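Notes follow the structure.
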Amino acid sequence: MTTTPPDARTDPTPLAPGAPRSGTTFLGLPTAPRGVGHLRGEQPFPDAARTALRDGQLRANLGRATTTIRGKRAAVVSEVPHWEQLRQAGKALKAATMARLDEHLEELERQVTARGGTVHWARDAAEANRIVTELVRASGTDEVVKVKSMATQEIGLNEALERAGISAVETDLAELIVQLGEDAPSHILVPAIHKNRSEIREIFRRTIPGVDPGLTDDPRQLAMAARAHLRERFLRARVAVSGANFAVAETGTLAVVESEGNGRMCLTLPRTLITVMGIEKVVPRWADLGVFLQLLPRSSTGERMNPYTSLWAGLTPGDGPQEFHLVLLDNGRTAVLADEVGREALHCIRCSACLNVCPVYERTGGHAYGSVYPGPIGAVLSPQLTGVEDNASLPYASSLCGACYDVCPVAIDIPSILVHLRAEHVEAQQRPTAEAVAFRGLSRVMSNPRLWRLAQRAAGLGRFLARGRPTLPAALPPPASAWTRTRDLPTPPRKTFVEQWTEEHRS
Amino acid sequence: MSAREEVLGRIRTALGGDRPRVAVPPLPAPRSLGRDELLDLLAERVEDYRATVLRCAPDEIPATVVRGLDSALGTGWDPAGVVVAPGVPAAWRPSGAPEDDGRPAVGLAAFAATLTGVATAIAETGTLVLDGSPLSGRRALSLLPDVLVCVVEAAQVVPDVPDALARLDPLAPLTMVSGPSATSDIELQRVEGVHGPRTLVVVLAG
């Protein structure tokens, strides 16, 4: 029972300069603008999910992958006896950071600048894209290598660079698969989780020039094909673009956590490094990394530690890039910060554990969410970044089972934020919804004993429709079908509670 | 108004005047382990990543480095193909192995293997930390050649991540290495060796 948001991703309306380009929150803070980036889907979640659920291959790929990663995570988390204590420390550190976010960002800027870096501020996706495009142009190159980054996907940086005649090469294996297949990522950690090995082989055979035609679907061979394809690009690259997992305010140290070494290639070999980072990624102190570097890999890839973590502060003569730019991105984050309940979504460290345990994500996959942030965290983050009216179906894309909250390494109470956003969406309705009308009617019946008894007797009709089955058939006529299409309605009991009580207590 | 002023202003508006005070609970203490247990744990955890761990006494480091290179490159390897970080003690170096001469970083791709020391090693997670010092070498050195041999001395091993951070310089270019380069991007099946060194050999002395 959600309203259909307008198709926003392909919104063709040109925006007049100075016109409000997005919604605003009650404090007047702007949300992420329409027409740029990937935070809005082309369809509401239920419609997109229905299409996804019909894809048997997709469901099989997802089921296998999420089962594997859940097992790995559980094993490495259970061997840490103080996991819950670490988790609470992570939660508190994030809350403390958010409470002084302005001060930490100013300190970060001072430290990065003192070590030879340049800090840029971007109000939104369009501004961040413009800053990066100009920096790449100034370097005189038309090719950049990229480290997998959620922030640059969120703002649609690759498309913006392409429009400026700059090709952006994704170097993470899964991102490369997605880019070569002209596909969209469907998972925060494993963007190609929806593809299996033989589908990936077909993409490589079709798109990598000079690839061995005898390439098999053995993951090792596929990884080697990617290594050969990217090697030369790494060695000739002059500019790299990355995201950041953490940035330490007191030292100006940036951190990128990865597995393949493509991140190290990008962070080390090119002359110029441009890092785009959401403002919520700052942590106050160096020692804080001691908490997050324990929480993240175990929750994310299910490893005690990921193969490579790179940490750098500004420039080091003779080692790595000799020009460093840090772009600090808002794009709706301050609007999220303004909501005292919803702001906890900014604590997310992008591990994706909540996707892997979510019964909804496991069945629909990431594309159905329409945003680069899928799964439970996406269902609370995307509607807040865009304003709930632009992603109105996402807060309902959950059974509220709470598995996401249980695995979240920084204990984000996702179910409570979902309920909070549903309330916000309902309150924003101009006209009463069918659900509101139904409940108003129900309230009248339940406050009148005579009407209530009559209604109960009428419900006995349901027993006739059920023909002895425990639930009513899904194909009830409208308007009841709006409820029964996606929910089981139990067959009414032979006797109501009141009838049974009266019978048993008569004597 | 500049973007900087505007974003900072939005944060102040969002938070309002009355900011919550958040108490951060103390961090759990790491396991207390004796020296031998610590080294055993490190060896076990590094091997878990399918890296090779060779343990030896401190005076056996040179011979063990050679043994590690034998296993990674096959016997009969050319010492000219093994590049050494400038701060690696002379005694550890295979004879004839050149030192990193500071050539442009991409030129290091021509070498078959690299020999470095480390800044510290984390037992719990099986992690080596390189810090860009002469002993660890610059970052590209431990990245481009396909085989990486690192010597870890017993006194460098710490129990867990927070202990390592306390020892490290936050301003240095740091690389934490946990096993060989790997990916799980295809059906979440782990494959060792993508862009970084496909073979990691750790010589653990002490």
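Letters for chains follow the order of the structure tokens (A, B, ...), residue numbers begin at 1 for each chain, and ligand numbers begin at 1 in the order shown.
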Taking a cut-off of 6 Å and counting only C-alpha atoms, can you build a table that, for each residue of chain A near chain B, reports the nearest atom pair and how far apart they are in Å (one decimal), sorted by chain then residue number, as a Markdown table?
```
| residue | atom | partner | partner_atom | distance |
| --- | --- | --- | --- | --- |
| A:Ala65 | CA | B:Glu187 | CA | 5.8 |
| A:Ala89 | CA | B:Pro25 | CA | 5.7 |
| A:Ala92 | CA | B:Val24 | CA | 5.2 |
| A:Ala96 | CA | B:Val22 | CA | 5.2 |
| A:Ala99 | CA | B:Arg19 | CA | 5.9 |
| A:Asp102 | CA | B:Leu8 | CA | 5.7 |
| A:Trp121 | CA | B:Arg4 | CA | 5.3 |
| A:Arg123 | CA | B:Ala3 | CA | 5.8 |
| A:Ala174 | CA | B:Asp185 | CA | 5.4 |
| A:Val190 | CA | B:Asp185 | CA | 5.7 |
| A:Arg220 | CA | B:Val191 | CA | 5.8 |
| A:Arg227 | CA | B:His195 | CA | 5.7 |
| A:Leu235 | CA | B:Val106 | CA | 5.8 |
| A:Ser259 | CA | B:Ala182 | CA | 5.5 |
| A:Glu260 | CA | B:Ser181 | CA | 4.9 |
| A:Gly261 | CA | B:Gly196 | CA | 4.6 |
| A:Asn262 | CA | B:His195 | CA | 5.7 |
| A:Gly290 | CA | B:Pro162 | CA | 4.5 |
| A:Arg304 | CA | B:Thr125 | CA | 5.2 |
| A:Met305 | CA | B:Thr125 | CA | 5.8 |
| A:Pro307 | CA | B:Ser178 | CA | 4.3 |
| A:Tyr308 | CA | B:Val177 | CA | 5.0 |
| A:Thr309 | CA | B:Met176 | CA | 4.9 |
| A:Ser310 | CA | B:Thr175 | CA | 4.7 |
| A:Leu311 | CA | B:Leu174 | CA | 5.0 |
| A:Trp312 | CA | B:Pro173 | CA | 4.7 |
| A:Ala313 | CA | B:Leu171 | CA | 5.2 |
| A:Asp319 | CA | B:Arg138 | CA | 5.7 |
| A:Thr334 | CA | B:Ile11 | CA | 5.7 |
| A:Leu337 | CA | B:Ala14 | CA | 5.8 |
| A:Ala338 | CA | B:Ala14 | CA | 4.0 |
```
Residues near Gln156 in chain B, anyone? I mean within 12 Å using only C-alpha atoms, not counting same-chain ones fewer than 4 positions away, as a PDB file with C-alpha atoms, in the first residue's frame.
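Output contents, as saved in out_24.pdb:
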```
ATOM      1  CA  ARG B  35      55.674 -15.063  23.478  1.00  0.00           C
ATOM      2  CA  LEU B  38      51.802 -15.264  20.174  1.00  0.00           C
ATOM      3  CA  LEU B  39      54.157 -16.571  17.480  1.00  0.00           C
ATOM      4  CA  LEU B  42      50.537 -15.513  14.081  1.00  0.00           C
ATOM      5  CA  GLY B 117      61.137  -6.566   6.678  1.00  0.00           C
ATOM      6  CA  VAL B 118      57.980  -5.329   8.438  1.00  0.00           C
ATOM      7  CA  ALA B 119      57.037  -2.593  10.923  1.00  0.00           C
ATOM      8  CA  THR B 120      54.887  -4.868  13.063  1.00  0.00           C
ATOM      9  CA  ALA B 121      52.782  -8.030  12.796  1.00  0.00           C
ATOM     10  CA  ILE B 122      49.357  -8.748  14.308  1.00  0.00           C
ATOM     11  CA  ALA B 123      48.921 -12.282  15.658  1.00  0.00           C
ATOM     12  CA  THR B 127      48.517  -9.342   9.453  1.00  0.00           C
ATOM     13  CA  LEU B 128      51.896  -7.832   8.497  1.00  0.00           C
ATOM     14  CA  VAL B 129      52.206  -4.055   8.502  1.00  0.00           C
ATOM     15  CA  LEU B 130      54.636  -2.283   6.182  1.00  0.00           C
ATOM     16  CA  VAL B 151      60.916 -11.283   7.486  1.00  0.00           C
ATOM     17  CA  VAL B 152      59.189 -10.884  10.867  1.00  0.00           C
ATOM     18  CA  ASP B 163      48.335  -2.804  19.781  1.00  0.00           C
ATOM     19  CA  ALA B 164      49.664  -2.457  16.249  1.00  0.00           C
ATOM     20  CA  ARG B 167      53.139   1.244  17.550  1.00  0.00           C
ATOM     21  CA  LEU B 168      52.637   2.742  14.105  1.00  0.00           C
ATOM     22  CA  LEU B 204      59.120 -15.819  11.202  1.00  0.00           C
ATOM     23  CA  ALA B 205      62.269 -15.638  13.308  1.00  0.00           C
ATOM     24  CA  GLY B 206      62.469 -16.316  17.036  1.00  0.00           C
TER      25      GLY B 206
END
```
Can you list, as a PyMOL selection string, all residues belonging to range 4-126 of chain B that DSSP tags as strand (DSSP E or B)? chain B and resi 52-56+82-84+99+113-117+120-122
Considering only C-alpha atoms, give me a table of residues in range 316-347 of chain A that are at most 12 Å from range 244-256 of chain A, with the closest atom pair and distance in Å for each, as JSON lines.
```
{"residue": "A:Phe324", "atom": "CA", "partner": "A:Leu254", "partner_atom": "CA", "distance": 11.1}
{"residue": "A:His325", "atom": "CA", "partner": "A:Leu254", "partner_atom": "CA", "distance": 11.4}
{"residue": "A:Leu326", "atom": "CA", "partner": "A:Leu254", "partner_atom": "CA", "distance": 9.5}
{"residue": "A:Val327", "atom": "CA", "partner": "A:Ala244", "partner_atom": "CA", "distance": 10.3}
{"residue": "A:Leu328", "atom": "CA", "partner": "A:Ala244", "partner_atom": "CA", "distance": 10.4}
{"residue": "A:Leu329", "atom": "CA", "partner": "A:Ala244", "partner_atom": "CA", "distance": 11.5}
{"residue": "A:His347", "atom": "CA", "partner": "A:Phe246", "partner_atom": "CA", "distance": 11.6}
```
Could you name the residues that touch Ala91 in chain B at 7 Å or less, counting only C-alpha atoms, but leaving out those on the same chain fewer than 2 positions away, as JSON, numbers by chain? {"B": [62, 89, 93]}
Can you tell me, as a list in words, what residues are no more than 9 Å from range 485-502 of chain A when counting only C-alpha atoms, ignoring any on the same chain fewer than 2 positions away?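 In the requested form, the answer reads Gln456, Arg457, Ala459, Gly460, Leu461, Gly462, Arg463, Leu465, Ala466, Gly468, Arg469, Pro470, Thr471, Leu472, Pro473, Ala474, Ala475, Leu476, Ala480, Ser481, Ala482, Trp483, Glu504, His505 and Arg506 of chain A.
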Could you name the residues that touch range 111-116 of chain B at 7 Å or less, counting only C-alpha atoms, but leaving out those on the same chain fewer than 2 positions away, as a short mmCIF file (atom, residue, chain, number, x, y, z; two decimals) with C-alpha atoms, in the first residue's frame?
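The resulting file, around_34.cif, is reproduced below:
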```cif
data_model
loop_
_atom_site.label_atom_id
_atom_site.label_comp_id
_atom_site.auth_asym_id
_atom_site.auth_seq_id
_atom_site.Cartn_x
_atom_site.Cartn_y
_atom_site.Cartn_z
CA GLY B 81 65.25 -10.85 -10.19
CA VAL B 82 64.88 -10.42 -6.42
CA VAL B 83 64.67 -6.77 -5.34
CA VAL B 84 65.44 -5.90 -1.72
CA ALA B 85 64.12 -3.01 0.40
CA VAL B 88 66.99 -4.93 4.92
CA LEU B 108 59.57 -2.53 -10.27
CA ALA B 109 57.14 -4.74 -12.21
CA VAL B 118 57.98 -5.33 8.44
CA LEU B 135 63.13 -1.78 6.12
CA SER B 136 59.61 -2.11 4.66
CA GLY B 137 60.41 -0.31 1.41
CA LEU B 141 57.94 -2.50 -3.91
CA SER B 142 55.68 -4.91 -2.03
CA PRO B 145 56.58 -8.22 -8.11
CA ASP B 146 54.52 -11.41 -8.00
CA VAL B 147 56.27 -12.92 -4.95
CA LEU B 148 56.64 -11.14 -1.61
CA VAL B 149 58.95 -12.45 1.09
CA CYS B 150 58.71 -10.68 4.47
CA VAL B 151 60.92 -11.28 7.49
#
```
Do you know which residues are at most 12 Å from Pro191 in chain A counting only C-alpha atoms, after dropping those on the same chain fewer than 5 positions away, and could you put them as a PyMOL selection string? (chain A and resi 62+65+148-150+153+170+172-179+181+183-186+196+352+355+365-367+372-374) or (chain B and resi 184-188)
Keeping only C-alpha atoms, take the residues you just selected and write them out as a PDB file, in the first residue's frame.
```
ATOM      1  CA  LEU A  62      21.831 -15.061  -4.630  1.00  0.00           C
ATOM      2  CA  ALA A  65      26.215 -16.573  -2.347  1.00  0.00           C
ATOM      3  CA  LYS A 148      35.557   0.500  -5.934  1.00  0.00           C
ATOM      4  CA  SER A 149      33.704   3.222  -4.097  1.00  0.00           C
ATOM      5  CA  MET A 150      30.071   3.558  -3.029  1.00  0.00           C
ATOM      6  CA  GLN A 153      28.592   5.261  -7.622  1.00  0.00           C
ATOM      7  CA  GLU A 170      36.691   0.188 -12.694  1.00  0.00           C
ATOM      8  CA  ASP A 172      37.709  -4.103  -8.666  1.00  0.00           C
ATOM      9  CA  LEU A 173      36.915  -7.484 -10.238  1.00  0.00           C
ATOM     10  CA  ALA A 174      33.194  -7.373  -9.510  1.00  0.00           C
ATOM     11  CA  GLU A 175      32.923  -3.731 -10.581  1.00  0.00           C
ATOM     12  CA  LEU A 176      34.775  -4.622 -13.777  1.00  0.00           C
ATOM     13  CA  ILE A 177      32.284  -7.422 -14.451  1.00  0.00           C
ATOM     14  CA  VAL A 178      29.423  -4.983 -13.921  1.00  0.00           C
ATOM     15  CA  GLN A 179      31.057  -2.304 -16.075  1.00  0.00           C
ATOM     16  CA  GLY A 181      28.479  -6.217 -18.824  1.00  0.00           C
ATOM     17  CA  ASP A 183      25.024  -3.819 -15.811  1.00  0.00           C
ATOM     18  CA  ALA A 184      24.332  -2.172 -12.452  1.00  0.00           C
ATOM     19  CA  PRO A 185      25.842  -3.262  -9.118  1.00  0.00           C
ATOM     20  CA  SER A 186      23.493  -5.244  -6.883  1.00  0.00           C
ATOM     21  CA  ASN A 196      27.436 -16.772 -11.712  1.00  0.00           C
ATOM     22  CA  SER A 352      26.905  -5.374   3.776  1.00  0.00           C
ATOM     23  CA  LEU A 355      22.129  -7.574   3.006  1.00  0.00           C
ATOM     24  CA  GLY A 365      18.553  -9.084  -5.041  1.00  0.00           C
ATOM     25  CA  GLY A 366      19.899  -5.551  -5.049  1.00  0.00           C
ATOM     26  CA  HIS A 367      18.522  -4.114  -8.288  1.00  0.00           C
ATOM     27  CA  VAL A 372      23.275   1.880  -5.093  1.00  0.00           C
ATOM     28  CA  TYR A 373      22.501   1.184  -1.439  1.00  0.00           C
ATOM     29  CA  PRO A 374      20.341  -1.954  -1.450  1.00  0.00           C
TER      30      PRO A 374
ATOM     31  CA  SER B 184      35.844 -13.563  -3.617  1.00  0.00           C
ATOM     32  CA  ASP B 185      33.955 -11.699  -6.303  1.00  0.00           C
ATOM     33  CA  ILE B 186      32.972 -14.774  -8.296  1.00  0.00           C
ATOM     34  CA  GLU B 187      30.332 -16.739  -6.383  1.00  0.00           C
ATOM     35  CA  LEU B 188      32.134 -15.744  -3.175  1.00  0.00           C
TER      36      LEU B 188
END
```
Min atom-atom distance to Val65 in chain B from the set B:Val202, B:Pro86, B:Gly96, B:Ala155, counting only C-alpha atoms, belongs to B:Val202
Extract the full set of helix (DSSP H, G or I) residues from range 265-323 of chain A according to DSSP on the backbone, and format it as a list in words.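 Listing helix (DSSP H, G or I) positions across range 265-323 of chain A yields Met265, Cys266, Leu267, Thr268, Ile279, Glu280, Lys281, Trp286, Ala287, Asp288, Leu289, Gly290, Val291, Phe292, Leu293, Gln294, Leu295, Leu296, Pro297, Arg298, Ser299 and Ser300 of chain A.
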May I have the selected residues written with C-alpha atoms, as a PDB file, in the first residue's frame?
```
ATOM      1  CA  MET A 265      47.693  -0.066  -7.532  1.00  0.00           C
ATOM      2  CA  CYS A 266      45.423   2.981  -7.767  1.00  0.00           C
ATOM      3  CA  LEU A 267      46.559   4.512  -4.472  1.00  0.00           C
ATOM      4  CA  THR A 268      50.262   4.004  -5.198  1.00  0.00           C
ATOM      5  CA  ILE A 279      31.276  13.511   5.272  1.00  0.00           C
ATOM      6  CA  GLU A 280      30.077  10.815   7.704  1.00  0.00           C
ATOM      7  CA  LYS A 281      33.190   8.688   7.130  1.00  0.00           C
ATOM      8  CA  TRP A 286      43.750   7.288  15.212  1.00  0.00           C
ATOM      9  CA  ALA A 287      42.938   4.776  17.949  1.00  0.00           C
ATOM     10  CA  ASP A 288      39.316   4.596  16.731  1.00  0.00           C
ATOM     11  CA  LEU A 289      40.532   2.579  13.754  1.00  0.00           C
ATOM     12  CA  GLY A 290      41.410  -0.138  16.258  1.00  0.00           C
ATOM     13  CA  VAL A 291      37.696  -0.746  16.696  1.00  0.00           C
ATOM     14  CA  PHE A 292      36.538  -0.390  13.107  1.00  0.00           C
ATOM     15  CA  LEU A 293      39.339  -2.421  11.554  1.00  0.00           C
ATOM     16  CA  GLN A 294      38.250  -5.318  13.763  1.00  0.00           C
ATOM     17  CA  LEU A 295      34.534  -4.896  13.055  1.00  0.00           C
ATOM     18  CA  LEU A 296      34.598  -4.308   9.302  1.00  0.00           C
ATOM     19  CA  PRO A 297      36.429  -7.283   7.718  1.00  0.00           C
ATOM     20  CA  ARG A 298      34.733  -9.896   9.895  1.00  0.00           C
ATOM     21  CA  SER A 299      31.304  -8.449   9.104  1.00  0.00           C
ATOM     22  CA  SER A 300      32.020  -7.824   5.468  1.00  0.00           C
TER      23      SER A 300
END
```
